[in-house]
There are 2 protein chains.
Amino acid sequence: MVPDIEELLNRHGVKPTPQRAVITEYLMSTHSHPTADEVFQAVKNRLPVPLSRATVYNTLNALVEAGVIQEVTTEAGRVRYDANMSEHHHFVDIETGNVLDIPAEQIRKFELALGDNFKVHHFHVTVYGEVKKPEQ
Amino acid sequence: MVPDIEELLNRHGVKPTPQRAVITEYLMSTHSHPTADEVFQAVKNRLPVPLSRATVYNTLNALVEAGVIQEVTTEAGRVRYDANMSEHHHFVDIETGNVLDIPAEQIRKFELALGDNFKVHHFHVTVYGEVKKPEQ
DNA sequence: ATCAAATTTAGACTTATTCTAATTCAATAC
DNA sequence: GTATTGAATTAGAATAAGTCTAAATTTGAT
């Protein structure tokens, strides 16, 4: 078990088990915003014991609850997971469905005129568009 | 069948049937961003014949496809439907889960610094916060 | 080493959605 | 007006994502 991961989980009050470590480690190693099933497929052979889907769901929910990862919902009905917890938004490639992170600094001069009745906690921007391929 | 609805569906290339009319009419009458099942419950008794869930799903998908309504995805794993097709964003009341529309004009000075590799089609903002209750 | 509490497992269950095959409906041709 | 044809609708089966349950395993504290 990677010590950094163990420390991270402890710091967030999640008891570090091999299953949780391996799932967290995988999420931190990718920017692909995997679904629960993609997480299951990716890590199921990285443990000496069989891995249950229930454990994957339990772990993902526990990690979200503890603030170690977040849920991303850019397409109807699909839940994806993201270990990038810095303030950021998402860009969805409408051709491939790939989701990229947009650091918060790249959204400038955002200003909301909602009136006094609304108290804003946070906001999230999803940008839909195309990624231009580099010229050959 | 309300003539306006019939005309709307025709204009978007959706053949107006009683089922489609009643579903569209319901969606246009509410700002509650209902789920597919909420639509089914709301309209199932408004027809002289039994209504199948399959028809509700088929109709919702056809209406989205035709640009008559849109899908709203503000919470993980839930799909909601919205007949408001003017440019707008969403405010989620974090206490109740209620979703309110934010007209596009209420977001001012939005500016994105993504670089030349990204071609933006459109973007959507979800604001999470509290709605202050009116003083008694 | 023992015990209690927490975690994990396999698989049953639930919920949301799609699929399928049969039936009904609506428009057009005759 | 009736036959034909394609589209829409129906009930229910099938699928997929996620949750629940009961039993087994692991962990941590004595």
# chains A, B, ... in the order shown; residues from 1 in each chain; ligands from 1
>>> interface_residues(of="chain D", to="chain A", cutoff="10 Å", atoms="only C-alpha atoms (C1' of nucleotides)", output="list in words")
DA17, DG18, DT19, DC20, DT26 and DT27 of chain D
>>> write_last_selection(atoms="C-alpha atoms (C1' of nucleotides)", output="compact mmCIF listing (two decimals), in the first residue's frame")
# COMPACT_ATOMS: atom_id res chain seq x y z
C1' DA D 17 -26.47 0.70 -12.60
C1' DG D 18 -26.63 0.72 -7.99
C1' DT D 19 -28.13 -0.88 -3.25
C1' DC D 20 -29.00 -4.27 0.22
C1' DT D 26 -10.09 -8.73 8.51
C1' DT D 27 -8.57 -5.35 11.80
>>> calpha_fit_and_write(fixed="chain A", moving="chain B", output="CSV table (one decimal) with N, CA and C atoms, in the first residue's frame")
chain,number,residue,atom,x,y,z
B,1,MET,N,0.9,-1.2,0.0
B,1,MET,CA,0.0,0.0,0.0
B,1,MET,C,0.9,1.3,0.0
B,2,VAL,N,0.7,2.1,-1.0
B,2,VAL,CA,1.5,3.4,-1.1
B,2,VAL,C,1.3,4.3,0.1
B,3,PRO,N,2.4,4.7,0.8
B,3,PRO,CA,2.2,5.4,2.1
B,3,PRO,C,1.4,6.7,1.9
B,4,ASP,N,1.7,7.4,0.8
B,4,ASP,CA,0.9,8.7,0.5
B,4,ASP,C,-0.6,8.5,0.5
B,5,ILE,N,-1.0,7.4,-0.1
B,5,ILE,CA,-2.4,7.1,-0.2
B,5,ILE,C,-3.0,6.8,1.2
B,6,GLU,N,-2.2,6.0,1.9
B,6,GLU,CA,-2.6,5.6,3.3
B,6,GLU,C,-2.8,6.9,4.1
B,7,GLU,N,-1.8,7.8,4.0
B,7,GLU,CA,-1.9,9.0,4.8
B,7,GLU,C,-3.1,9.9,4.4
B,8,LEU,N,-3.3,10.0,3.1
B,8,LEU,CA,-4.4,10.8,2.5
B,8,LEU,C,-5.7,10.3,3.1
B,9,LEU,N,-5.9,8.9,3.1
B,9,LEU,CA,-7.2,8.4,3.5
B,9,LEU,C,-7.3,8.6,5.0
B,10,ASN,N,-6.3,8.4,5.8
B,10,ASN,CA,-6.3,8.7,7.2
B,10,ASN,C,-6.7,10.1,7.5
B,11,ARG,N,-6.1,11.0,6.8
B,11,ARG,CA,-6.3,12.5,7.0
B,11,ARG,C,-7.8,12.8,6.7
B,12,HIS,N,-8.5,12.0,5.9
B,12,HIS,CA,-9.9,12.3,5.6
B,12,HIS,C,-10.8,11.4,6.4
B,13,GLY,N,-10.3,10.7,7.4
B,13,GLY,CA,-11.1,9.9,8.2
B,13,GLY,C,-11.7,8.6,7.6
B,14,VAL,N,-11.0,8.1,6.5
B,14,VAL,CA,-11.4,6.9,5.9
B,14,VAL,C,-10.3,5.8,6.2
B,15,LYS,N,-10.7,4.8,6.9
B,15,LYS,CA,-9.8,3.7,7.3
B,15,LYS,C,-9.2,3.1,6.0
B,16,PRO,N,-7.8,3.1,5.9
B,16,PRO,CA,-7.2,2.6,4.7
B,16,PRO,C,-7.2,1.1,4.6
B,17,THR,N,-7.9,0.5,3.7
B,17,THR,CA,-7.9,-0.9,3.5
B,17,THR,C,-7.2,-1.1,2.1
B,18,PRO,N,-6.8,-2.3,1.8
B,18,PRO,CA,-6.2,-2.5,0.5
B,18,PRO,C,-7.1,-2.1,-0.7
B,19,GLN,N,-8.4,-2.5,-0.5
B,19,GLN,CA,-9.4,-2.2,-1.6
B,19,GLN,C,-9.5,-0.7,-1.8
B,20,ARG,N,-9.6,0.0,-0.7
B,20,ARG,CA,-9.8,1.5,-0.8
B,20,ARG,C,-8.5,2.1,-1.3
B,21,ALA,N,-7.4,1.6,-0.9
B,21,ALA,CA,-6.1,2.2,-1.4
B,21,ALA,C,-6.0,2.0,-2.9
B,22,VAL,N,-6.3,0.8,-3.4
B,22,VAL,CA,-6.1,0.5,-4.8
B,22,VAL,C,-7.1,1.4,-5.6
B,23,ILE,N,-8.3,1.5,-5.1
B,23,ILE,CA,-9.3,2.3,-5.9
B,23,ILE,C,-8.8,3.8,-5.9
B,24,THR,N,-8.4,4.3,-4.7
B,24,THR,CA,-8.0,5.7,-4.6
B,24,THR,C,-6.8,6.0,-5.5
B,25,GLU,N,-5.8,5.0,-5.4
B,25,GLU,CA,-4.6,5.2,-6.2
B,25,GLU,C,-4.9,5.2,-7.7
B,26,TYR,N,-5.8,4.3,-8.1
B,26,TYR,CA,-6.2,4.4,-9.5
B,26,TYR,C,-6.8,5.7,-9.9
B,27,LEU,N,-7.8,6.2,-9.1
B,27,LEU,CA,-8.4,7.4,-9.4
B,27,LEU,C,-7.4,8.6,-9.5
B,28,MET,N,-6.4,8.5,-8.6
B,28,MET,CA,-5.4,9.6,-8.7
B,28,MET,C,-4.5,9.5,-9.8
B,29,SER,N,-4.4,8.4,-10.4
B,29,SER,CA,-3.5,8.2,-11.5
B,29,SER,C,-4.0,8.5,-12.9
B,30,THR,N,-5.3,8.8,-12.9
B,30,THR,CA,-6.0,9.0,-14.3
B,30,THR,C,-6.7,10.3,-14.3
B,31,HIS,N,-6.8,10.9,-15.5
B,31,HIS,CA,-7.6,12.0,-15.7
B,31,HIS,C,-8.8,11.7,-16.6
B,32,SER,N,-9.2,10.4,-16.6
B,32,SER,CA,-10.2,10.0,-17.6
B,32,SER,C,-11.6,10.0,-17.0
B,33,HIS,N,-11.8,10.4,-15.8
B,33,HIS,CA,-13.1,10.5,-15.2
B,33,HIS,C,-13.9,9.2,-15.3
B,34,PRO,N,-13.4,8.1,-14.8
B,34,PRO,CA,-14.0,6.8,-15.0
B,34,PRO,C,-15.4,6.7,-14.3
B,35,THR,N,-16.2,5.8,-14.9
B,35,THR,CA,-17.4,5.4,-14.2
B,35,THR,C,-17.1,4.3,-13.2
B,36,ALA,N,-18.1,4.0,-12.3
B,36,ALA,CA,-17.9,3.0,-11.3
B,36,ALA,C,-17.4,1.7,-11.9
B,37,ASP,N,-18.0,1.3,-13.0
B,37,ASP,CA,-17.7,0.1,-13.7
B,37,ASP,C,-16.3,0.1,-14.2
B,38,GLU,N,-15.9,1.2,-14.8
B,38,GLU,CA,-14.5,1.4,-15.3
B,38,GLU,C,-13.5,1.3,-14.1
B,39,VAL,N,-13.9,1.8,-13.0
B,39,VAL,CA,-13.0,1.6,-11.8
B,39,VAL,C,-12.9,0.1,-11.5
B,40,PHE,N,-14.0,-0.5,-11.4
B,40,PHE,CA,-14.0,-1.9,-11.1
B,40,PHE,C,-13.2,-2.7,-12.0
B,41,GLN,N,-13.3,-2.5,-13.3
B,41,GLN,CA,-12.5,-3.2,-14.3
B,41,GLN,C,-11.0,-3.0,-14.2
B,42,ALA,N,-10.7,-1.7,-13.9
B,42,ALA,CA,-9.3,-1.3,-13.8
B,42,ALA,C,-8.6,-1.9,-12.6
B,43,VAL,N,-9.3,-2.1,-11.5
B,43,VAL,CA,-8.6,-2.5,-10.3
B,43,VAL,C,-8.8,-3.9,-9.8
B,44,LYS,N,-9.8,-4.6,-10.5
B,44,LYS,CA,-10.2,-5.9,-9.9
B,44,LYS,C,-9.0,-6.9,-9.9
B,45,ASN,N,-8.0,-6.8,-10.7
B,45,ASN,CA,-6.9,-7.7,-10.7
B,45,ASN,C,-5.7,-7.2,-9.9
B,46,ARG,N,-5.9,-6.1,-9.3
B,46,ARG,CA,-4.7,-5.6,-8.6
B,46,ARG,C,-4.7,-5.9,-7.1
B,47,LEU,N,-5.6,-6.9,-6.7
B,47,LEU,CA,-5.6,-7.3,-5.3
B,47,LEU,C,-5.5,-8.8,-5.3
B,48,PRO,N,-4.9,-9.3,-4.2
B,48,PRO,CA,-4.8,-10.8,-4.1
B,48,PRO,C,-6.1,-11.5,-3.9
B,49,VAL,N,-7.1,-10.8,-3.6
B,49,VAL,CA,-8.4,-11.4,-3.3
B,49,VAL,C,-9.4,-10.9,-4.4
B,50,PRO,N,-10.5,-11.6,-4.5
B,50,PRO,CA,-11.6,-11.1,-5.5
B,50,PRO,C,-12.2,-9.8,-5.0
B,51,LEU,N,-12.5,-9.0,-5.9
B,51,LEU,CA,-13.1,-7.7,-5.5
B,51,LEU,C,-14.6,-7.7,-5.9
B,52,SER,N,-15.4,-7.2,-5.0
B,52,SER,CA,-16.8,-7.2,-5.2
B,52,SER,C,-17.2,-5.8,-5.7
B,53,ARG,N,-18.2,-5.8,-6.6
B,53,ARG,CA,-18.7,-4.5,-7.1
B,53,ARG,C,-19.2,-3.7,-5.9
B,54,ALA,N,-19.8,-4.3,-4.9
B,54,ALA,CA,-20.4,-3.6,-3.8
B,54,ALA,C,-19.3,-2.8,-3.1
B,55,THR,N,-18.1,-3.4,-3.0
B,55,THR,CA,-17.0,-2.7,-2.4
B,55,THR,C,-16.6,-1.4,-3.2
B,56,VAL,N,-16.6,-1.6,-4.5
B,56,VAL,CA,-16.3,-0.4,-5.4
B,56,VAL,C,-17.3,0.7,-5.1
B,57,TYR,N,-18.6,0.3,-5.1
B,57,TYR,CA,-19.6,1.4,-4.8
B,57,TYR,C,-19.5,1.9,-3.4
B,58,ASN,N,-19.3,1.1,-2.5
B,58,ASN,CA,-19.2,1.5,-1.1
B,58,ASN,C,-18.0,2.5,-1.0
B,59,THR,N,-16.9,2.1,-1.6
B,59,THR,CA,-15.7,2.9,-1.5
B,59,THR,C,-15.8,4.3,-2.2
B,60,LEU,N,-16.4,4.2,-3.4
B,60,LEU,CA,-16.6,5.5,-4.1
B,60,LEU,C,-17.5,6.4,-3.3
B,61,ASN,N,-18.6,5.9,-2.8
B,61,ASN,CA,-19.5,6.7,-2.0
B,61,ASN,C,-18.8,7.2,-0.7
B,62,ALA,N,-18.0,6.4,-0.1
B,62,ALA,CA,-17.2,6.8,1.1
B,62,ALA,C,-16.2,7.9,0.7
B,63,LEU,N,-15.5,7.8,-0.4
B,63,LEU,CA,-14.5,8.8,-0.8
B,63,LEU,C,-15.2,10.1,-1.1
B,64,VAL,N,-16.4,10.0,-1.8
B,64,VAL,CA,-17.1,11.3,-2.1
B,64,VAL,C,-17.5,12.0,-0.8
B,65,GLU,N,-18.1,11.2,0.1
B,65,GLU,CA,-18.5,11.6,1.4
B,65,GLU,C,-17.4,12.3,2.2
B,66,ALA,N,-16.2,11.7,2.1
B,66,ALA,CA,-15.1,12.2,2.9
B,66,ALA,C,-14.4,13.4,2.2
B,67,GLY,N,-14.8,13.7,0.9
B,67,GLY,CA,-14.1,14.8,0.2
B,67,GLY,C,-12.8,14.4,-0.4
B,68,VAL,N,-12.6,13.1,-0.7
B,68,VAL,CA,-11.3,12.7,-1.3
B,68,VAL,C,-11.5,12.8,-2.8
B,69,ILE,N,-12.7,12.5,-3.3
B,69,ILE,CA,-13.0,12.6,-4.8
B,69,ILE,C,-14.3,13.3,-5.0
B,70,GLN,N,-14.7,13.6,-6.2
B,70,GLN,CA,-16.0,14.1,-6.5
B,70,GLN,C,-16.7,13.4,-7.6
B,71,GLU,N,-18.0,13.5,-7.6
B,71,GLU,CA,-18.8,13.0,-8.7
B,71,GLU,C,-18.8,14.0,-9.8
B,72,VAL,N,-18.8,13.6,-11.0
B,72,VAL,CA,-18.9,14.5,-12.2
B,72,VAL,C,-20.1,14.0,-13.0
B,73,THR,N,-21.0,14.9,-13.3
B,73,THR,CA,-22.2,14.6,-14.1
B,73,THR,C,-22.3,15.4,-15.3
B,74,THR,N,-21.6,15.1,-16.3
B,74,THR,CA,-21.7,15.9,-17.5
B,74,THR,C,-22.6,15.3,-18.6
B,75,GLU,N,-22.9,14.0,-18.5
B,75,GLU,CA,-23.9,13.5,-19.4
B,75,GLU,C,-25.0,12.9,-18.6
B,76,ALA,N,-26.2,12.9,-19.3
B,76,ALA,CA,-27.4,12.4,-18.7
B,76,ALA,C,-27.2,11.0,-18.2
B,77,GLY,N,-27.5,10.8,-16.9
B,77,GLY,CA,-27.6,9.5,-16.4
B,77,GLY,C,-26.3,8.7,-16.1
B,78,ARG,N,-25.1,9.4,-16.4
B,78,ARG,CA,-23.9,8.7,-16.1
B,78,ARG,C,-23.2,9.4,-15.0
B,79,VAL,N,-22.7,8.6,-14.0
B,79,VAL,CA,-21.9,9.2,-12.9
B,79,VAL,C,-20.4,8.8,-13.1
B,80,ARG,N,-19.6,9.8,-13.1
B,80,ARG,CA,-18.1,9.6,-13.2
B,80,ARG,C,-17.5,10.2,-12.0
B,81,TYR,N,-16.2,9.7,-11.8
B,81,TYR,CA,-15.5,10.1,-10.6
B,81,TYR,C,-14.2,10.8,-10.9
B,82,ASP,N,-13.8,11.7,-10.1
B,82,ASP,CA,-12.7,12.6,-10.3
B,82,ASP,C,-11.9,12.9,-9.0
B,83,ALA,N,-10.7,12.5,-9.1
B,83,ALA,CA,-9.9,12.7,-7.9
B,83,ALA,C,-9.2,14.1,-7.8
B,84,ASN,N,-9.4,14.8,-8.8
B,84,ASN,CA,-8.9,16.2,-8.9
B,84,ASN,C,-9.8,17.1,-8.0
B,85,MET,N,-9.3,17.5,-6.8
B,85,MET,CA,-10.2,18.2,-5.9
B,85,MET,C,-9.8,19.7,-5.9
B,86,SER,N,-8.9,20.1,-6.8
B,86,SER,CA,-8.7,21.6,-6.9
B,86,SER,C,-9.9,22.1,-7.6
B,87,GLU,N,-10.1,23.4,-7.4
B,87,GLU,CA,-11.3,24.1,-7.9
B,87,GLU,C,-11.2,24.0,-9.5
B,88,HIS,N,-12.1,23.3,-10.1
B,88,HIS,CA,-12.1,23.3,-11.6
B,88,HIS,C,-13.4,23.0,-12.2
B,89,HIS,N,-13.5,23.1,-13.5
B,89,HIS,CA,-14.7,22.9,-14.2
B,89,HIS,C,-14.4,21.8,-15.3
B,90,HIS,N,-15.4,21.6,-16.1
B,90,HIS,CA,-15.2,20.5,-17.1
B,90,HIS,C,-15.5,20.9,-18.6
B,91,PHE,N,-14.7,20.4,-19.4
B,91,PHE,CA,-14.9,20.5,-20.9
B,91,PHE,C,-15.2,19.2,-21.4
B,92,VAL,N,-16.4,19.1,-22.1
B,92,VAL,CA,-16.8,17.9,-22.7
B,92,VAL,C,-16.6,17.9,-24.2
B,93,ASP,N,-15.8,17.0,-24.7
B,93,ASP,CA,-15.6,16.9,-26.2
B,93,ASP,C,-16.8,16.3,-26.8
B,94,ILE,N,-17.6,17.1,-27.5
B,94,ILE,CA,-18.8,16.6,-28.0
B,94,ILE,C,-18.7,15.5,-29.1
B,95,GLU,N,-17.5,15.3,-29.6
B,95,GLU,CA,-17.3,14.2,-30.6
B,95,GLU,C,-17.0,12.9,-29.9
B,96,THR,N,-16.2,12.9,-28.8
B,96,THR,CA,-15.8,11.7,-28.2
B,96,THR,C,-16.5,11.4,-26.8
B,97,GLY,N,-17.0,12.5,-26.2
B,97,GLY,CA,-17.5,12.3,-24.9
B,97,GLY,C,-16.5,12.5,-23.8
B,98,ASN,N,-15.2,12.6,-24.2
B,98,ASN,CA,-14.1,12.7,-23.2
B,98,ASN,C,-14.3,14.0,-22.4
B,99,VAL,N,-14.0,13.9,-21.1
B,99,VAL,CA,-14.1,15.0,-20.2
B,99,VAL,C,-12.7,15.5,-19.8
B,100,LEU,N,-12.5,16.8,-20.0
B,100,LEU,CA,-11.2,17.4,-19.6
B,100,LEU,C,-11.4,18.3,-18.4
B,101,ASP,N,-10.4,18.5,-17.6
B,101,ASP,CA,-10.5,19.5,-16.5
B,101,ASP,C,-10.2,20.9,-17.0
B,102,ILE,N,-10.9,21.9,-16.5
B,102,ILE,CA,-10.6,23.3,-16.7
B,102,ILE,C,-10.3,23.9,-15.4
B,103,PRO,N,-9.0,24.3,-15.1
B,103,PRO,CA,-8.7,24.9,-13.9
B,103,PRO,C,-9.5,26.2,-13.7
B,104,ALA,N,-9.9,26.4,-12.4
B,104,ALA,CA,-10.8,27.6,-12.1
B,104,ALA,C,-10.3,28.9,-12.7
B,105,GLU,N,-9.0,29.0,-12.7
B,105,GLU,CA,-8.4,30.3,-13.2
B,105,GLU,C,-8.7,30.6,-14.6
B,106,GLN,N,-9.0,29.5,-15.4
B,106,GLN,CA,-9.3,29.7,-16.8
B,106,GLN,C,-10.7,30.3,-17.0
B,107,ILE,N,-11.5,30.4,-16.0
B,107,ILE,CA,-12.8,31.1,-16.1
B,107,ILE,C,-12.6,32.4,-15.4
B,108,ARG,N,-12.6,33.5,-16.2
B,108,ARG,CA,-12.3,34.8,-15.6
B,108,ARG,C,-13.6,35.7,-15.7
B,109,LYS,N,-13.7,36.6,-14.8
B,109,LYS,CA,-14.7,37.6,-14.8
B,109,LYS,C,-16.1,37.0,-14.8
B,110,PHE,N,-16.3,35.9,-14.1
B,110,PHE,CA,-17.6,35.3,-13.9
B,110,PHE,C,-18.4,36.2,-12.9
B,111,GLU,N,-19.6,36.6,-13.4
B,111,GLU,CA,-20.4,37.4,-12.5
B,111,GLU,C,-21.8,37.0,-12.6
B,112,LEU,N,-22.4,36.8,-11.4
B,112,LEU,CA,-23.8,36.3,-11.4
B,112,LEU,C,-24.7,37.4,-10.8
B,113,ALA,N,-25.8,37.6,-11.4
B,113,ALA,CA,-26.8,38.6,-10.9
B,113,ALA,C,-28.1,37.9,-10.5
B,114,LEU,N,-28.0,37.3,-9.3
B,114,LEU,CA,-29.2,36.5,-8.9
B,114,LEU,C,-30.1,37.2,-7.9
B,115,GLY,N,-29.7,38.3,-7.3
B,115,GLY,CA,-30.6,38.9,-6.4
B,115,GLY,C,-30.3,38.4,-5.0
B,116,ASP,N,-30.9,39.1,-4.0
B,116,ASP,CA,-30.6,38.8,-2.6
B,116,ASP,C,-31.1,37.5,-2.0
B,117,ASN,N,-32.1,36.9,-2.8
B,117,ASN,CA,-32.7,35.7,-2.2
B,117,ASN,C,-31.9,34.5,-2.3
B,118,PHE,N,-30.8,34.6,-3.0
B,118,PHE,CA,-30.0,33.4,-3.3
B,118,PHE,C,-28.7,33.5,-2.6
B,119,LYS,N,-28.3,32.5,-1.9
B,119,LYS,CA,-27.0,32.4,-1.3
B,119,LYS,C,-26.2,31.4,-2.0
B,120,VAL,N,-25.2,31.8,-2.7
B,120,VAL,CA,-24.4,30.9,-3.6
B,120,VAL,C,-23.3,30.2,-2.8
B,121,HIS,N,-23.3,28.9,-2.8
B,121,HIS,CA,-22.2,28.1,-2.2
B,121,HIS,C,-21.1,27.9,-3.2
B,122,HIS,N,-21.4,27.4,-4.3
B,122,HIS,CA,-20.4,27.2,-5.3
B,122,HIS,C,-21.1,27.0,-6.7
B,123,PHE,N,-20.3,27.0,-7.7
B,123,PHE,CA,-20.9,26.8,-9.0
B,123,PHE,C,-20.0,25.9,-9.9
B,124,HIS,N,-20.6,25.3,-10.9
B,124,HIS,CA,-19.8,24.5,-11.7
B,124,HIS,C,-20.2,24.7,-13.2
B,125,VAL,N,-19.1,24.9,-14.0
B,125,VAL,CA,-19.3,25.2,-15.4
B,125,VAL,C,-19.0,24.0,-16.3
B,126,THR,N,-19.9,23.6,-17.1
B,126,THR,CA,-19.6,22.5,-18.1
B,126,THR,C,-19.5,23.2,-19.5
B,127,VAL,N,-18.4,23.1,-20.2
B,127,VAL,CA,-18.2,23.7,-21.5
B,127,VAL,C,-18.3,22.5,-22.5
B,128,TYR,N,-19.1,22.7,-23.5
B,128,TYR,CA,-19.2,21.7,-24.6
B,128,TYR,C,-18.6,22.2,-25.8
B,129,GLY,N,-17.8,21.4,-26.5
B,129,GLY,CA,-17.1,21.9,-27.7
B,129,GLY,C,-16.2,20.8,-28.3
B,130,GLU,N,-15.4,21.3,-29.2
B,130,GLU,CA,-14.5,20.4,-29.9
B,130,GLU,C,-13.1,20.7,-29.5
B,131,VAL,N,-12.3,19.6,-29.5
B,131,VAL,CA,-10.9,19.8,-29.3
B,131,VAL,C,-10.2,19.7,-30.7
B,132,LYS,N,-9.5,20.8,-31.1
B,132,LYS,CA,-8.9,20.8,-32.4
B,132,LYS,C,-7.7,19.9,-32.4
B,133,LYS,N,-7.7,19.0,-33.4
B,133,LYS,CA,-6.5,18.2,-33.5
B,133,LYS,C,-5.3,19.0,-33.9
B,134,PRO,N,-4.1,18.6,-33.4
B,134,PRO,CA,-2.9,19.3,-33.8
B,134,PRO,C,-2.7,19.1,-35.3
B,135,GLU,N,-2.3,20.2,-36.1
B,135,GLU,CA,-2.0,20.0,-37.5
B,135,GLU,C,-0.9,19.0,-37.7
B,136,GLN,N,-1.0,18.2,-38.7
B,136,GLN,CA,0.0,17.2,-39.0
B,136,GLN,C,1.2,17.9,-39.8
>>> interface_residues(of="chain C", to="chain A", cutoff="10 Å", atoms="only C-alpha atoms (C1' of nucleotides)", output="list in words")
DA6, DT7, DT8, DT9, DA10 and DA16 of chain C
>>> residues_around(residues="DA14 of chain D", least_positions_apart="5", cutoff="10 Å", atoms="only C-alpha atoms (C1' of nucleotides)", output="PyMOL selection string")
chain C and resi 18-20
>>> select_by_dssp(residues="chain A", states="strand (DSSP E)", output="ChimeraX atom specification")
/A:70-72,80-82,88-93,99-103,107-108,111-112,118-131
>>> residues_around(residues="DT5 of chain D", least_positions_apart="3", cutoff="12 Å", atoms="only C-alpha atoms (C1' of nucleotides)", output="PyMOL selection string")
chain C and resi 25-29
>>> select_by_dssp(residues="chain A", states="helix (DSSP H, G or I)", output="count of residues only")
46
>>> atom_distance(atom1="atom C1' of DA16 of chain D", atom2="atom C1' of DT15 of chain C")
10.1 Å
>>> closest_residue(among="D:DT30, D:DT15, D:DT25, D:DT10", to="DA21 of chain C", atoms="only C-alpha atoms (C1' of nucleotides)")
D:DT10
>>> atom_distance(atom1="atom C1' of DT24 of chain C", atom2="atom C1' of DA7 of chain D")
10.6 Å
>>> atom_distance(atom1="atom C1' of DT21 of chain D", atom2="atom C1' of DT2 of chain C")
27.1 Å
>>> residues_around(residues="DC30 of chain C", least_positions_apart="2", cutoff="10 Å", atoms="only C-alpha atoms (C1' of nucleotides)", output="JSON list (two decimals) with N, CA and C atoms (P, O5', C5', C4', C3', O3' and C1' of nucleotides), in the first residue's frame")
[["chain", "number", "residue", "atom", "x", "y", "z"],
["C", 28, "DT", "P", -51.78, 11.62, -46.00],
["C", 28, "DT", "O5'", -51.83, 10.46, -47.09],
["C", 28, "DT", "C5'", -50.72, 9.54, -47.19],
["C", 28, "DT", "C4'", -51.14, 8.41, -48.11],
["C", 28, "DT", "C3'", -51.85, 8.90, -49.38],
["C", 28, "DT", "O3'", -51.12, 8.44, -50.51],
["C", 28, "DT", "C1'", -53.06, 7.13, -48.34],
["D", 2, "DT", "P", -67.13, 0.37, -45.58],
["D", 2, "DT", "O5'", -65.74, -0.30, -45.99],
["D", 2, "DT", "C5'", -65.72, -1.16, -47.12],
["D", 2, "DT", "C4'", -64.29, -1.33, -47.58],
["D", 2, "DT", "C3'", -63.38, -2.10, -46.62],
["D", 2, "DT", "O3'", -62.73, -3.09, -47.38],
["D", 2, "DT", "C1'", -62.33, -0.14, -47.34],
["D", 3, "DA", "P", -61.96, -4.29, -46.66],
["D", 3, "DA", "O5'", -60.50, -4.12, -47.25],
["D", 3, "DA", "C5'", -60.31, -4.28, -48.66],
["D", 3, "DA", "C4'", -58.88, -3.91, -49.01],
["D", 3, "DA", "C3'", -57.82, -4.67, -48.21],
["D", 3, "DA", "O3'", -56.78, -5.03, -49.12],
["D", 3, "DA", "C1'", -57.57, -2.32, -47.85],
["D", 4, "DT", "P", -55.48, -5.81, -48.64],
["D", 4, "DT", "O5'", -54.45, -4.62, -48.45],
["D", 4, "DT", "C5'", -54.25, -3.69, -49.53],
["D", 4, "DT", "C4'", -53.12, -2.74, -49.16],
["D", 4, "DT", "C3'", -51.97, -3.38, -48.41],
["D", 4, "DT", "O3'", -50.76, -2.90, -48.97],
["D", 4, "DT", "C1'", -52.79, -1.54, -47.19]]
>>> decode(residues="segment 102-124 of chain A", atoms="C-alpha atoms", output="mmCIF file, in the first residue's frame")
data_model
loop_
_atom_site.group_PDB
_atom_site.id
_atom_site.type_symbol
_atom_site.label_atom_id
_atom_site.label_comp_id
_atom_site.auth_asym_id
_atom_site.auth_seq_id
_atom_site.Cartn_x
_atom_site.Cartn_y
_atom_site.Cartn_z
ATOM 1 C CA ILE A 102 -10.620 23.288 -16.729
ATOM 2 C CA PRO A 103 -8.724 24.913 -13.848
ATOM 3 C CA ALA A 104 -10.830 27.554 -12.101
ATOM 4 C CA GLU A 105 -8.393 30.295 -13.141
ATOM 5 C CA GLN A 106 -9.309 29.753 -16.771
ATOM 6 C CA ILE A 107 -12.763 31.108 -16.113
ATOM 7 C CA ARG A 108 -12.341 34.821 -15.644
ATOM 8 C CA LYS A 109 -14.719 37.598 -14.820
ATOM 9 C CA PHE A 110 -17.583 35.333 -13.934
ATOM 10 C CA GLU A 111 -20.384 37.398 -12.493
ATOM 11 C CA LEU A 112 -23.807 36.297 -11.398
ATOM 12 C CA ALA A 113 -26.782 38.635 -10.934
ATOM 13 C CA LEU A 114 -29.184 36.515 -8.932
ATOM 14 C CA GLY A 115 -30.572 38.962 -6.430
ATOM 15 C CA ASP A 116 -30.609 38.885 -2.652
ATOM 16 C CA ASN A 117 -32.765 35.805 -2.251
ATOM 17 C CA PHE A 118 -30.056 33.422 -3.294
ATOM 18 C CA LYS A 119 -27.001 32.500 -1.315
ATOM 19 C CA VAL A 120 -24.425 30.933 -3.593
ATOM 20 C CA HIS A 121 -22.240 28.161 -2.202
ATOM 21 C CA HIS A 122 -20.387 27.232 -5.334
ATOM 22 C CA PHE A 123 -20.921 26.804 -9.028
ATOM 23 C CA HIS A 124 -19.791 24.490 -11.734
#
